Each structure stands twice: as C-alpha cells, then as structure tokens.
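Data block for run.cif (mmCIF, C-alpha atoms):
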```cif
data_target
loop_
_atom_site.label_atom_id
_atom_site.label_comp_id
_atom_site.auth_asym_id
_atom_site.auth_seq_id
_atom_site.Cartn_x
_atom_site.Cartn_y
_atom_site.Cartn_z
CA MET A 1 45.20 153.62 7.51
CA LEU A 2 47.25 156.70 6.72
CA LYS A 3 47.31 159.19 9.59
CA LEU A 4 48.41 162.78 9.06
CA TYR A 5 48.65 164.85 12.22
CA GLY A 6 46.15 162.61 13.94
CA ILE A 7 43.67 162.66 11.06
CA GLU A 8 42.91 159.36 9.36
CA VAL A 9 42.97 159.66 5.59
CA SER A 10 41.49 156.81 3.61
CA SER A 11 42.93 157.65 0.17
CA ARG A 12 46.68 157.73 -0.34
CA LEU A 13 46.28 160.04 -3.30
CA LEU A 14 46.27 163.75 -2.52
CA LEU A 15 45.03 165.84 -5.42
CA GLY A 16 45.84 169.36 -6.60
CA THR A 17 42.98 171.50 -7.82
CA ALA A 18 44.81 173.72 -10.33
CA GLY A 19 44.93 173.69 -14.10
CA TYR A 20 41.68 171.92 -14.98
CA ALA A 21 39.94 173.10 -18.13
CA SER A 22 36.72 173.71 -16.19
CA PRO A 23 35.34 173.53 -12.65
CA ASP A 24 33.23 170.61 -13.76
CA LEU A 25 36.30 168.64 -14.87
CA LEU A 26 37.90 169.29 -11.50
CA ARG A 27 34.75 168.07 -9.78
CA GLN A 28 34.66 164.88 -11.86
CA ALA A 29 38.39 164.23 -11.55
CA ALA A 30 38.29 164.67 -7.78
CA GLU A 31 35.43 162.21 -7.65
CA ALA A 32 37.20 159.66 -9.87
CA SER A 33 40.48 159.98 -7.93
CA GLY A 34 38.83 159.13 -4.64
CA ALA A 35 41.11 161.75 -3.05
CA GLU A 36 40.05 162.78 0.41
CA VAL A 37 42.52 165.65 0.60
CA VAL A 38 42.78 168.37 -2.04
CA THR A 39 45.37 171.13 -2.19
CA VAL A 40 44.36 174.76 -2.63
CA SER A 41 46.11 178.11 -2.58
CA LEU A 42 45.35 181.75 -2.00
CA ARG A 43 45.89 184.59 -4.40
CA ARG A 44 45.27 188.32 -4.59
CA GLU A 45 41.56 188.97 -4.88
CA SER A 46 40.42 191.54 -7.41
CA ALA A 47 37.76 193.92 -6.13
CA ARG A 48 36.06 193.66 -9.54
CA ALA A 49 36.27 189.96 -10.47
CA LYS A 50 36.13 188.43 -6.97
CA THR A 51 37.30 185.13 -8.51
CA GLY A 52 38.07 183.50 -5.18
CA GLN A 53 34.52 183.73 -3.91
CA GLY A 54 33.30 181.41 -6.66
CA PHE A 55 36.16 178.99 -6.14
CA TRP A 56 35.34 178.79 -2.44
CA GLY A 57 31.86 177.64 -3.41
CA LEU A 58 33.36 174.86 -5.50
CA ILE A 59 35.63 173.75 -2.65
CA GLU A 60 32.68 173.56 -0.29
CA GLU A 61 30.80 171.55 -2.86
CA LEU A 62 33.71 169.09 -3.23
CA GLY A 63 33.42 168.42 0.49
CA ARG A 64 37.02 167.27 0.91
CA ARG A 65 39.64 168.15 3.47
CA VAL A 66 41.70 171.05 2.13
CA LEU A 67 45.46 171.36 2.34
CA PRO A 68 46.37 174.99 1.58
CA ASN A 69 49.79 175.66 0.12
CA THR A 70 52.22 178.57 0.22
CA ALA A 71 53.10 178.20 -3.48
CA GLY A 72 55.24 180.95 -4.92
CA CYS A 73 56.66 182.18 -1.60
CA ARG A 74 60.36 182.98 -1.80
CA THR A 75 61.21 183.66 1.82
CA ALA A 76 60.33 182.23 5.22
CA LYS A 77 58.58 185.50 6.08
CA GLU A 78 56.35 185.39 2.99
CA ALA A 79 55.53 181.74 3.64
CA ILE A 80 54.67 182.38 7.29
CA THR A 81 52.31 185.27 6.50
CA THR A 82 50.73 183.27 3.67
CA ALA A 83 50.22 180.32 6.03
CA GLN A 84 48.56 182.56 8.59
CA MET A 85 46.23 183.97 5.94
CA ALA A 86 45.48 180.43 4.71
CA ARG A 87 44.66 179.22 8.23
CA GLU A 88 42.01 181.90 8.62
CA LEU A 89 40.72 181.58 5.07
CA PHE A 90 40.35 177.80 5.01
CA GLY A 91 39.83 177.11 8.71
CA THR A 92 42.56 174.47 8.97
CA ASN A 93 45.91 174.17 10.75
CA TRP A 94 47.26 172.10 7.88
CA ILE A 95 49.71 173.85 5.62
CA LYS A 96 51.67 172.53 2.65
CA LEU A 97 54.75 174.62 3.23
CA GLU A 98 56.56 175.68 0.08
CA VAL A 99 59.48 178.06 0.00
CA ILE A 100 60.72 178.21 -3.56
CA ALA A 101 64.35 178.78 -4.56
CA ASN A 102 64.05 179.70 -8.24
CA ASP A 103 61.68 179.71 -11.21
CA ASP A 104 63.48 177.17 -13.37
CA THR A 105 63.50 174.27 -10.97
CA LEU A 106 60.89 175.40 -8.44
CA GLN A 107 63.08 173.52 -6.00
CA PRO A 108 62.59 173.99 -2.28
CA GLU A 109 64.67 176.72 -0.68
CA VAL A 110 65.51 174.48 2.21
CA PHE A 111 67.03 177.05 4.58
CA GLY A 112 63.92 179.23 4.49
CA LEU A 113 61.80 176.09 4.63
CA VAL A 114 63.32 174.92 7.91
CA GLU A 115 63.07 178.41 9.38
CA ALA A 116 59.40 178.79 8.41
CA ALA A 117 58.56 175.24 9.53
CA ALA A 118 59.94 175.87 13.02
CA GLU A 119 57.98 179.08 13.43
CA LEU A 120 54.73 177.67 12.06
CA ASN A 121 54.93 174.47 14.12
CA ALA A 122 55.47 176.61 17.22
CA ASP A 123 52.42 178.65 16.23
CA GLY A 124 50.18 175.57 16.20
CA PHE A 125 50.26 174.71 12.52
CA ASP A 126 50.45 171.15 11.19
CA VAL A 127 53.22 171.60 8.66
CA LEU A 128 53.58 169.36 5.61
CA PRO A 129 56.82 170.64 4.09
CA TYR A 130 57.58 170.32 0.39
CA THR A 131 61.24 169.38 0.57
CA THR A 132 64.01 167.53 -1.25
CA GLU A 133 65.18 164.00 -0.47
CA ASP A 134 68.15 165.44 1.45
CA LEU A 135 68.36 163.67 4.79
CA SER A 136 70.02 166.47 6.75
CA VAL A 137 67.25 168.87 5.73
CA ALA A 138 64.66 166.23 6.57
CA GLU A 139 66.18 165.75 10.00
CA ARG A 140 66.03 169.48 10.65
CA LEU A 141 62.41 169.59 9.57
CA VAL A 142 61.58 166.77 11.97
CA ALA A 143 63.52 168.53 14.72
CA ALA A 144 61.51 171.68 13.89
CA GLY A 145 58.34 169.73 14.69
CA CYS A 146 57.23 168.36 11.31
CA ASP A 147 55.46 165.00 11.68
CA VAL A 148 55.09 164.57 7.91
CA LEU A 149 57.65 165.07 5.14
CA MET A 150 56.94 165.58 1.45
CA PRO A 151 60.01 165.05 -0.73
CA TRP A 152 59.77 165.89 -4.39
CA GLY A 153 59.76 163.16 -7.02
CA SER A 154 61.14 165.60 -9.58
CA PRO A 155 60.56 169.30 -10.31
CA ILE A 156 56.95 170.52 -10.02
CA GLY A 157 55.00 170.02 -13.22
CA SER A 158 57.86 168.20 -14.97
CA ALA A 159 56.17 164.77 -15.19
CA GLN A 160 59.59 163.10 -14.93
CA GLY A 161 58.58 160.72 -12.16
CA LEU A 162 61.06 159.72 -9.46
CA ALA A 163 64.31 161.38 -10.48
CA ASN A 164 66.36 160.02 -7.59
CA LYS A 165 64.97 156.64 -6.64
CA SER A 166 67.89 155.52 -4.59
CA ALA A 167 67.76 158.67 -2.43
CA LEU A 168 64.02 158.25 -1.96
CA GLN A 169 64.59 154.64 -0.92
CA THR A 170 67.23 155.76 1.58
CA MET A 171 64.86 158.39 2.95
CA ARG A 172 62.14 155.78 3.43
CA ALA A 173 64.56 153.54 5.30
CA TYR A 174 65.89 156.44 7.36
CA PHE A 175 62.43 157.60 8.51
CA PRO A 176 60.52 154.33 8.93
CA ASP A 177 57.82 155.85 11.16
CA THR A 178 57.35 159.31 9.64
CA PRO A 179 54.56 159.64 7.08
CA LEU A 180 56.34 160.36 3.79
CA ILE A 181 54.47 161.70 0.78
CA VAL A 182 56.04 162.04 -2.66
CA ASP A 183 54.98 165.48 -3.81
CA ALA A 184 55.53 166.86 -7.29
CA GLY A 185 56.94 165.64 -10.57
CA LEU A 186 54.79 162.59 -11.14
CA GLY A 187 53.59 162.15 -14.72
CA ALA A 188 52.34 158.59 -15.18
CA PRO A 189 50.45 156.23 -12.87
CA SER A 190 53.50 153.94 -12.92
CA HIS A 191 55.48 156.71 -11.17
CA ALA A 192 52.92 156.77 -8.39
CA ALA A 193 52.90 152.98 -8.15
CA GLU A 194 56.69 152.99 -7.88
CA ALA A 195 56.62 155.43 -4.96
CA MET A 196 53.98 153.37 -3.21
CA GLU A 197 55.87 150.10 -3.82
CA MET A 198 58.87 151.71 -2.10
CA GLY A 199 56.72 152.15 0.97
CA TYR A 200 55.87 155.82 0.62
CA ASP A 201 52.69 156.57 2.50
CA ALA A 202 51.01 158.64 -0.18
CA VAL A 203 51.54 160.73 -3.30
CA LEU A 204 50.46 164.27 -4.05
CA LEU A 205 49.95 165.27 -7.66
CA ASN A 206 48.17 167.79 -9.80
CA THR A 207 49.48 168.34 -13.34
CA ALA A 208 49.56 164.64 -14.25
CA ILE A 209 45.77 164.51 -13.90
CA ALA A 210 44.74 168.09 -14.65
CA LYS A 211 46.69 168.26 -17.91
CA ALA A 212 46.01 164.71 -19.13
CA GLU A 213 44.01 164.44 -22.32
CA ASN A 214 41.23 162.94 -20.25
CA PRO A 215 41.65 164.04 -16.63
CA VAL A 216 38.76 161.96 -15.30
CA THR A 217 40.06 158.69 -16.74
CA MET A 218 43.59 159.60 -15.63
CA ALA A 219 42.32 160.23 -12.11
CA ARG A 220 40.90 156.72 -12.10
CA ALA A 221 44.20 155.34 -13.43
CA PHE A 222 46.19 157.06 -10.67
CA ALA A 223 43.78 155.88 -8.01
CA ARG A 224 44.32 152.28 -9.10
CA ALA A 225 48.09 152.69 -9.40
CA VAL A 226 48.32 154.13 -5.89
CA GLU A 227 46.19 151.35 -4.48
CA GLY A 228 48.08 148.69 -6.44
CA GLY A 229 51.46 150.04 -5.35
CA ARG A 230 50.38 150.15 -1.73
CA LEU A 231 49.00 146.60 -1.80
CA ALA A 232 52.25 145.42 -3.40
CA PHE A 233 54.26 147.05 -0.64
CA GLU A 234 52.09 145.45 2.03
CA ALA A 235 52.28 142.08 0.27
CA GLY A 236 56.10 142.11 0.18
CA ILE A 237 57.79 142.32 -3.20
CA VAL A 238 60.27 139.56 -4.11
CA GLU A 239 63.91 140.58 -4.26
CA PRO A 240 65.41 140.79 -7.73
CA ARG A 241 68.19 138.29 -8.46
CA ASP A 242 70.91 138.08 -11.06
CA MET A 243 70.21 134.63 -12.48
CA ALA A 244 67.09 132.86 -13.69
CA SER A 245 65.20 130.61 -11.34
CA PRO A 246 62.58 128.22 -12.76
CA SER A 247 59.10 128.90 -11.54
CA THR A 248 57.78 125.53 -12.78
CA PRO A 249 58.84 122.59 -10.56
CA VAL A 250 61.99 120.90 -11.85
CA VAL A 251 61.17 117.56 -10.23
CA GLY A 252 59.43 115.23 -12.69
CA THR A 253 60.38 117.14 -15.82
CA PRO A 254 59.66 114.77 -18.77
CA PHE A 255 62.65 113.54 -20.84
CA PHE A 256 64.87 114.48 -17.88
CA LYS A 257 68.30 112.81 -18.11
CA ILE A 258 70.93 113.43 -15.49
CA ASP A 259 73.57 113.66 -18.26
CA ASN A 260 71.92 116.80 -19.66
CA VAL A 261 72.40 118.78 -16.46
CA SER A 262 75.17 121.25 -16.96
CA MET B 1 46.38 208.95 1.31
CA GLN B 2 48.15 206.72 -1.18
CA ILE B 3 48.59 203.05 -0.38
CA LEU B 4 49.31 199.87 -2.32
CA VAL B 5 46.52 197.32 -2.55
CA ASN B 6 47.65 194.01 -4.00
CA GLY B 7 50.59 195.76 -5.63
CA GLU B 8 48.56 198.55 -7.23
CA ARG B 9 48.49 202.19 -6.16
CA PHE B 10 45.22 203.16 -4.52
CA THR B 11 44.03 206.49 -3.15
CA THR B 12 41.72 206.24 -0.18
CA GLU B 13 40.41 208.10 2.83
CA ALA B 14 39.71 204.87 4.67
CA SER B 15 41.35 205.04 8.06
CA SER B 16 41.15 201.40 9.04
CA LEU B 17 41.78 198.16 7.16
CA ASP B 18 38.20 197.13 7.81
CA GLU B 19 36.94 200.33 6.22
CA LEU B 20 39.18 199.80 3.20
CA CYS B 21 37.83 196.26 2.72
CA GLY B 22 34.33 197.72 2.81
CA VAL B 23 35.17 200.42 0.25
CA LEU B 24 36.53 197.70 -2.06
CA GLY B 25 33.32 195.71 -1.74
CA PHE B 26 34.77 192.91 0.35
CA ALA B 27 32.34 193.20 3.25
CA GLY B 28 31.30 189.63 4.08
CA ALA B 29 33.60 188.16 1.41
CA ARG B 30 35.90 185.24 2.12
CA ILE B 31 39.22 187.05 2.22
CA ALA B 32 42.36 187.26 4.33
CA THR B 33 44.56 190.29 4.78
CA ALA B 34 48.10 191.40 5.49
CA VAL B 35 49.58 194.85 6.06
CA ASN B 36 53.24 195.47 5.27
CA GLY B 37 53.94 191.74 5.14
CA CYS B 38 52.23 190.91 8.44
CA PHE B 39 49.00 188.94 8.76
CA VAL B 40 45.99 190.86 10.09
CA ALA B 41 43.16 188.65 11.31
CA THR B 42 39.55 189.52 10.48
CA ALA B 43 38.88 190.53 14.08
CA ALA B 44 41.85 192.94 14.05
CA ARG B 45 40.94 194.79 10.85
CA ALA B 46 38.78 197.46 12.51
CA ARG B 47 41.56 198.47 14.90
CA THR B 48 44.26 198.34 12.21
CA GLN B 49 44.91 201.95 11.18
CA LEU B 50 46.23 202.66 7.72
CA SER B 51 49.14 204.99 7.00
CA GLU B 52 50.58 206.58 3.87
CA ALA B 53 52.41 204.05 1.64
CA ASP B 54 51.09 201.00 3.50
CA GLU B 55 51.23 197.80 1.47
CA ILE B 56 48.00 195.85 1.76
CA GLU B 57 47.43 192.29 0.59
CA ILE B 58 43.88 191.00 0.20
CA VAL B 59 43.71 187.36 -0.81
CA ALA B 60 41.05 184.74 -1.41
CA PRO B 61 40.87 180.98 -2.06
CA ARG B 62 42.26 179.80 -5.35
CA GLN B 63 43.15 176.58 -7.15
CA GLY B 64 46.48 175.14 -6.07
CA GLY B 65 48.77 172.17 -6.41
#
```
Please render this file's structure as structure tokens.
Amino acid sequence: MLKLYGIEVSSRLLLGTAGYASPDLLRQAAEASGAEVVTVSLRRESARAKTGQGFWGLIEELGRRVLPNTAGCRTAKEAITTAQMARELFGTNWIKLEVIANDDTLQPEVFGLVEAAAELNADGFDVLPYTTEDLSVAERLVAAGCDVLMPWGSPIGSAQGLANKSALQTMRAYFPDTPLIVDAGLGAPSHAAEAMEMGYDAVLLNTAIAKAENPVTMARAFARAVEGGRLAFEAGIVEPRDMASPSTPVVGTPFFKIDNVS
Amino acid sequence: MQILVNGERFTTEASSLDELCGVLGFAGARIATAVNGCFVATAARARTQLSEADEIEIVAPRQGG
C-alpha cells in the first residue's frame, strides 16, 4: 500500500477540490474517485461573505485526509508563511509545497522551492513538493528532507498529459524507493494510467475531473485508469520489440511446408 | 490607526490582532493570520500589538488543486 510520511493511503488518486460547478458535484466526484486524500488551499477571508467557513463544513463532511497547498506563492517566504497558516487551519503537518515561477507556465520556481522545503521540513512539516522532473532539484529536495516528490506531468490545468515521458521514466529509475506522485497536467485517464504503468506511486489531479463534461463519471474513469495502470505495473509489462512475434503456436500449423519458410 | 487587512485599507482602534479579528466578526471563525508576512498563531493573537501601516492577512479554507 502507498505510504506517505508514515500514513497508509489506499487510493493512488489524489483529488483537487477546486473548479467544480457546485459543492454537490465535488461531493459526488470525490465519492466516485475513491480518493482518500483531497487537496485544499487557503485564501483571504472576507469579513462579509465568510466563504471559507462554509467550505470548511464541506471538507469535514467529505471526511478525507486533506493536503493543503501553497498555490500562488511566488517566494519561499510567502510559501513558508502560507504553510504555517495552513497547518493551523487544517490541523495537518502535510503541505503540498508550491512556489510558482510565472503565470504562463505556473512552473515551479525550484530555487525558492528547495529553500522553503528545507525550512518547513526542519519545522516539522511533511513536505510534498510540486517540482519538475529535474534530477538535481529532486536530489536537493530529498537532501532538504522531502520523503515524497511530486513532479509535474505538464503545466497545471493544461491537460497535456506527460510532456516529458523519458525524463519521468529516468526519475522513477533514479529514485526507486521515494514515493513519486505525478502532479498536474493530466487531462485523460490514459495519462494517469501511463504514469502508473511507469511505476509512479500515485497521481494528483483536479481540472481533468472538475472541468469534465460529467465530473462524476470522469472521476470513476480516472479511478479505474489509476488502478489499471498500477496493476499493470505490478504485473510486469512486456518489453516492446521491433519485429513481429507470433502469439499462436507455430508448431503444427496446417499446410506447413518447410519450403515456404523464408 | 490605518492598517491593511487582506490588501485593503482599514481604519481601526483595535490594539491587538485578536481584537481586530473580533471587530471584523471573526471571533470563533476558522481563520489563520499573518502580520507583515509572518504567521501569528491563534494563541499569539491577543499579545500581538498592531501598529500603523501593519499588513494583516486573514485567511480561511478554500478549494484547491
């Protein structure tokens, strides 16, 4: 079973809670996905609307383990303060650490990420860093105390799937014992299955389900793809080969004549 | 005294962060706070004095990816 910072997690699909057309759709999609971990964020609370108070009620009702993020933070300092606020707000040491470089790509700002990760790990957080597939950054994150790494599949919300498969494969091989979660950029269940077939431990996604025409059915589709991909990885996928190889036994083929063999 | 609350100018006579949260109707609400970029835990709000031009963040749970 997947273990993240000592916690056993039965579902290898981690689900984002943003962008659903209604709280009820989120509730149903979370149910259909089977996700045990859901990501959440924190935002400025208006004294008038008090939006967050209602959302907290929904989170409690979902009854899942929450993974707060630091989405939108641009510097290590912002991310650290946000993480500290999230720890108090949600009562968990888990933090999906995001330090964002720019609006167009939403790519991780890896220097700030490593800096924030080191400080938060030292402060008792369990840091799940949203990073790239760059191995030198990954090594620094591990050295900074991260026991889990979350490389992007492709830019957040882009639905492009795994943009750099070969690098993700290398990362898997390079960190055989570190839980690796593909986070961001998945669009179709096949993308999730692909990551799982590569041996990734889990996937984290939001938009692909929240913005699907039917989020509840899509949640079910992703749940099956993740499970299928994982089973395939465990079962051992055959190596591709250049030439054909008959699957039906050759011995005893009717009308066989030795002269016909080329 | 003029301060910034969640990026907006706010005039208040509240001397502590705890008092400010009360004035804004956040008593008992699920919120977290920061002053001038530094986290202030719930237990520390009462002893956190406010000064002119302080920048206060008051946040709450929200949907996230």
### Task
Excluding Pro151 in chain A and residues on its chain fewer than 2 positions from it, collect all residues at most 6 Å away from it, counting only C-alpha atoms, and give them as a PyMOL selection string.
chain A and resi 130-133+182-183
Selection under test: the PyMOL selection byres ((chain B) within 10 of (chain A)); residues as a PDB file with C-alpha atoms, in the frame of the given file:
```pdb
ATOM      1  CA  VAL B   5      46.520 197.320  -2.550  1.00  0.00           C
ATOM      2  CA  ASN B   6      47.650 194.010  -4.000  1.00  0.00           C
ATOM      3  CA  GLY B   7      50.590 195.760  -5.630  1.00  0.00           C
ATOM      4  CA  CYS B  21      37.830 196.260   2.720  1.00  0.00           C
ATOM      5  CA  VAL B  23      35.170 200.420   0.250  1.00  0.00           C
ATOM      6  CA  LEU B  24      36.530 197.700  -2.060  1.00  0.00           C
ATOM      7  CA  GLY B  25      33.320 195.710  -1.740  1.00  0.00           C
ATOM      8  CA  PHE B  26      34.770 192.910   0.350  1.00  0.00           C
ATOM      9  CA  ALA B  29      33.600 188.160   1.410  1.00  0.00           C
ATOM     10  CA  ARG B  30      35.900 185.240   2.120  1.00  0.00           C
ATOM     11  CA  ILE B  31      39.220 187.050   2.220  1.00  0.00           C
ATOM     12  CA  ALA B  32      42.360 187.260   4.330  1.00  0.00           C
ATOM     13  CA  THR B  33      44.560 190.290   4.780  1.00  0.00           C
ATOM     14  CA  ALA B  34      48.100 191.400   5.490  1.00  0.00           C
ATOM     15  CA  VAL B  35      49.580 194.850   6.060  1.00  0.00           C
ATOM     16  CA  GLY B  37      53.940 191.740   5.140  1.00  0.00           C
ATOM     17  CA  CYS B  38      52.230 190.910   8.440  1.00  0.00           C
ATOM     18  CA  PHE B  39      49.000 188.940   8.760  1.00  0.00           C
ATOM     19  CA  VAL B  40      45.990 190.860  10.090  1.00  0.00           C
ATOM     20  CA  ALA B  41      43.160 188.650  11.310  1.00  0.00           C
ATOM     21  CA  THR B  42      39.550 189.520  10.480  1.00  0.00           C
ATOM     22  CA  GLU B  57      47.430 192.290   0.590  1.00  0.00           C
ATOM     23  CA  ILE B  58      43.880 191.000   0.200  1.00  0.00           C
ATOM     24  CA  VAL B  59      43.710 187.360  -0.810  1.00  0.00           C
ATOM     25  CA  ALA B  60      41.050 184.740  -1.410  1.00  0.00           C
ATOM     26  CA  PRO B  61      40.870 180.980  -2.060  1.00  0.00           C
ATOM     27  CA  ARG B  62      42.260 179.800  -5.350  1.00  0.00           C
ATOM     28  CA  GLN B  63      43.150 176.580  -7.150  1.00  0.00           C
ATOM     29  CA  GLY B  64      46.480 175.140  -6.070  1.00  0.00           C
ATOM     30  CA  GLY B  65      48.770 172.170  -6.410  1.00  0.00           C
TER      31      GLY B  65
END
```
### Message
For the provided coordinates, the residues matched by the PyMOL selection byres ((chain A and resi 224) around 12) should be stated as JSON, numbers by chain.
### Response
{"A": [11, 12, 13, 32, 33, 34, 35, 188, 189, 190, 192, 193, 196, 217, 218, 219, 220, 221, 222, 223, 225, 226, 227, 228, 229, 230, 231, 232]}
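In this structure, CA of Gly185 in chain A sits 18.8 Å away from CA of Ala138 in chain A.
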### Message
Using only C-alpha atoms, list the residues that have an atom at most 9 Å from (65.7, 175.9, 3.5), coordinates as in the file, as a list in words.
### Response
Ala76, Val99, Ile100, Ala101, Pro108, Glu109, Val110, Phe111, Gly112, Leu113, Val114, Glu115, Ala116, Thr131 and Val137 of chain A
Which residues, written as a PDB file with C-alpha atoms, in the coordinates of the input, have at least one atom at most 10 Å from Phe10 in chain B, with only C-alpha atoms counted and residues fewer than 6 positions away on the same chain left out?
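Result file is part.pdb:
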```pdb
ATOM      1  CA  MET B   1      46.380 208.950   1.310  1.00  0.00           C
ATOM      2  CA  GLN B   2      48.150 206.720  -1.180  1.00  0.00           C
ATOM      3  CA  ILE B   3      48.590 203.050  -0.380  1.00  0.00           C
ATOM      4  CA  LEU B   4      49.310 199.870  -2.320  1.00  0.00           C
ATOM      5  CA  ALA B  53      52.410 204.050   1.640  1.00  0.00           C
TER       6      ALA B  53
END
```
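Using all atoms listed in the file, the smallest distance between any of A:Gly236, A:Met243, A:Pro215, A:Glu197 and Ser22 in chain A comes from A:Pro215.
From CA of Asp147 in chain A back to CA of Leu4 in chain A, the distance works out to 7.8 Å.
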### Message
Starting from the PyMOL selection byres ((chain B and resi 14) around 12), expand the selection into actual residues of this file and give them as a list in words.
### Response
Met1, Gln2, Ile3, Phe10, Thr11, Thr12, Glu13, Ser15, Ser16, Leu17, Asp18, Glu19, Leu20, Cys21, Gly22, Val23, Leu24, Arg45, Ala46, Thr48, Gln49, Leu50, Ser51 and Glu52 of chain B
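Around Gln169 in chain A, within 12 Å and counting all atoms listed in the file, the residues found are Glu133, Asp134, Leu135, Pro151, Gly153, Leu162, Ala163, Asn164, Lys165, Ala173, Tyr174, Phe175, Pro176, Leu180, Val182, Glu194, Ala195, Met196, Glu197, Met198, Gly199 and Tyr200 of chain A, once anything fewer than 4 positions away on its own chain is removed.
For the pair CA of Ala44 in chain B and CA of Glu60 in chain A, the separation is 25.8 Å.
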